[in-house]
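What follows is a set of notes on a single structure, which appears directly below.
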Amino acid sequence: MIISIASGKGGTGKTTVATNLALSLGSAVQLLDCDVEEPNAHLFIHPNFDQTETVTAPVPEVDMNKCSLCGKCGDICQFKAIVVVGETVLPFEELCHSCGGCMAVCPEKAITEKGRELGVIQKGHCNGIEFIHGKLRVGEAMSPPLIKKVLSYTDPAKLTIVDAPPGTSCPVIESMKPADFVLLVTEPTPFGLYDLKLAVGAVKILNIPCGLVINRSDLGDAKVIEYANQEDLPILMEIPFDRRIAEAYSRGDMIVEVMPEWKERFLALYEKIISHVNDYI
Ligand code: SF4
Ligand code: SF4
């Protein structure tokens, strides 16, 4: 089973929930950090990394000795990533979506592929948890292919917990697509509610069952709860504001280690998720 943990906005405690849930469940769990622009789950899990892999995307390279300047490559490219300028053909690697269209239509076979580095994937272990994350190259904008690569390591024999990026754009959709359940972490503030509505809209389009965790649940107002009731969204856990939790987070400590009573609460959260997934099938 794959549980994707997402939030409409950053700073809601998504990684806190993902890491503490994984640690509470222990072995036979994979934690995939798909927040490739700013991965931080490793700062809490402290895995021993033993493998690093560079991830590349294929982009076109043009042999001008073969090119007849026909312009077909530029015509087919939907992203303006390859253009004929005067007597030359210019590929713009940053815009390329690696569809291979230009190479397929080139009548002179002048286009070949080369790899453009997107980032790296690191794999490691900690307390029986298999941990994998992607780190997008600084300056790189194309995160979905790297997220796909992280997700390609999903082991069907294990429970997979995905720490999705914040927001509701393409990288988040990519991280939620394979999930059996999406856990949305939110906070009871106007900003939290606004972004939660966007995230719920995305999950509904994907037709995946979802539930809420309300972080700092005793601060703010009741509008998130009212919205959850309206939309029939189950509230599976509430985490009240607690100075000890905030201090543990700032030190990079896990809640379930600093306050062991929380382990039972995260295990109860998992049981509720299982129950909702079973009801959905
Ligand atoms: S591979 Fe696709 S996206 Fe990239 S330049 Fe060629 S046609 Fe455009
Ligand atoms: S399609 Fe091939 S031959 Fe035509 S302009 Fe592009 S690279 Fe040159």
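Chain labels run A, B, ... following the order of the structure tokens; each chain numbers its residues from 1, and ligands are numbered from 1 in the order shown.
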Next on the checklist: As a quick test: using only C-alpha atoms and all ligand atoms, which residues lie no more than 6 Å away from ligand 2? Give them as a list of chain:residue names.
Outcome noted: A:Val62, A:Cys67, A:Ser68, A:Leu69, A:Cys70, A:Gly71, A:Lys72, A:Cys73, A:Cys106, A:Pro107, A:Glu108, A:Ala110, A:Ile111
Would you put the residues from that selection into a file with N, CA, C and O atoms, as a CSV table (one decimal), in the first residue's frame?
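Once written, out16.csv looks like this:
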```csv
chain,number,residue,atom,x,y,z
A,62,VAL,N,22.2,18.2,-31.8
A,62,VAL,CA,22.1,18.3,-33.3
A,62,VAL,C,23.4,18.3,-33.9
A,62,VAL,O,24.3,19.0,-33.5
A,67,CYS,N,22.4,18.3,-40.7
A,67,CYS,CA,21.1,19.1,-40.7
A,67,CYS,C,20.9,19.8,-42.0
A,67,CYS,O,21.8,20.4,-42.5
A,68,SER,N,19.6,19.8,-42.5
A,68,SER,CA,19.3,20.5,-43.8
A,68,SER,C,18.5,21.8,-43.5
A,68,SER,O,18.0,22.4,-44.4
A,69,LEU,N,18.4,22.1,-42.2
A,69,LEU,CA,17.6,23.3,-41.7
A,69,LEU,C,16.2,23.3,-42.2
A,69,LEU,O,15.6,24.3,-42.5
A,70,CYS,N,15.6,22.1,-42.3
A,70,CYS,CA,14.2,22.0,-42.7
A,70,CYS,C,13.2,22.5,-41.7
A,70,CYS,O,12.1,22.9,-42.1
A,71,GLY,N,13.5,22.6,-40.4
A,71,GLY,CA,12.6,23.2,-39.4
A,71,GLY,C,11.6,22.3,-38.8
A,71,GLY,O,10.8,22.7,-38.0
A,72,LYS,N,11.6,21.0,-39.2
A,72,LYS,CA,10.6,20.0,-38.7
A,72,LYS,C,10.7,19.8,-37.2
A,72,LYS,O,9.7,19.6,-36.5
A,73,CYS,N,11.9,19.9,-36.7
A,73,CYS,CA,12.1,19.6,-35.3
A,73,CYS,C,11.4,20.8,-34.5
A,73,CYS,O,10.7,20.5,-33.5
A,106,CYS,N,13.1,14.1,-37.5
A,106,CYS,CA,14.2,14.7,-38.3
A,106,CYS,C,14.5,13.8,-39.5
A,106,CYS,O,14.9,12.6,-39.4
A,107,PRO,N,14.3,14.3,-40.7
A,107,PRO,CA,14.5,13.5,-41.9
A,107,PRO,C,16.0,13.1,-42.2
A,107,PRO,O,16.3,12.2,-42.9
A,108,GLU,N,16.9,13.9,-41.6
A,108,GLU,CA,18.3,13.7,-41.9
A,108,GLU,C,19.0,12.8,-40.8
A,108,GLU,O,20.2,12.7,-40.8
A,110,ALA,N,19.7,13.8,-37.9
A,110,ALA,CA,20.8,14.7,-37.4
A,110,ALA,C,20.7,14.9,-35.9
A,110,ALA,O,21.6,15.5,-35.3
A,111,ILE,N,19.6,14.3,-35.3
A,111,ILE,CA,19.4,14.6,-33.9
A,111,ILE,C,19.6,13.3,-33.1
A,111,ILE,O,19.1,12.2,-33.4
```
Next on the checklist: List as a ChimeraX atom specification the protein and nucleic acid residues near segment 197-209 of chain A, meaning an atom at most 6 Å away when only C-alpha atoms are counted, but skip any in the same chain fewer than 3 places from it.
Outcome noted: /A:8,168,181,194
I need the residues from that last selection saved to file as a PDB file, in the first residue's frame (with N, CA, C and O atoms), if you can.
```
ATOM      1  N   GLY A   8      -1.468  21.389   1.198  1.00  0.00           N
ATOM      2  CA  GLY A   8      -1.595  22.457   0.219  1.00  0.00           C
ATOM      3  C   GLY A   8      -0.467  23.463   0.338  1.00  0.00           C
ATOM      4  O   GLY A   8      -0.042  24.052  -0.641  1.00  0.00           O
ATOM      5  N   THR A 168       0.044  22.357  -4.955  1.00  0.00           N
ATOM      6  CA  THR A 168      -0.915  21.535  -5.715  1.00  0.00           C
ATOM      7  C   THR A 168      -0.524  21.479  -7.196  1.00  0.00           C
ATOM      8  O   THR A 168      -1.364  21.228  -8.051  1.00  0.00           O
ATOM      9  N   PHE A 181      -3.967   6.022  -0.678  1.00  0.00           N
ATOM     10  CA  PHE A 181      -4.611   6.935   0.258  1.00  0.00           C
ATOM     11  C   PHE A 181      -3.746   8.188   0.348  1.00  0.00           C
ATOM     12  O   PHE A 181      -2.522   8.113   0.374  1.00  0.00           O
ATOM     13  N   TYR A 194      -7.515  27.681   2.833  1.00  0.00           N
ATOM     14  CA  TYR A 194      -7.474  28.016   1.402  1.00  0.00           C
ATOM     15  C   TYR A 194      -6.681  26.956   0.632  1.00  0.00           C
ATOM     16  O   TYR A 194      -7.137  26.427  -0.395  1.00  0.00           O
TER      17      TYR A 194
END
```
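Here the question is which of A:Pro260, A:Gly192, A:Gly100, A:Pro91 gets nearest to Gly74 of chain A using only C-alpha atoms, and that residue is A:Pro91.
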Item to check | Shell of 10 Å around ligand 1 (only C-alpha atoms and all ligand atoms), written as a ChimeraX atom specification | outcome: /A:57-61,72-83,90-105,111-113
Checklist entry - Per DSSP on the backbone, what are the alpha helix (DSSP H) residues of segment 153-222 of chain A, as number ranges by chain? => result A: 170-176, 190-206
Item to check | Contact residues around Lys9 of chain A with only C-alpha atoms at 6 Å, ignoring same-chain residues under 3 positions, as a ChimeraX atom specification | outcome: /A:166-167,195
Checklist entry - Nearest to Ser4 of chain A among A:Glu271, A:Glu87, A:Asp163, A:Glu264, with distances taken over only C-alpha atoms: which residue is it? => result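 Using only C-alpha atoms, the shortest distance to Ser4 of chain A belongs to A:Asp163.
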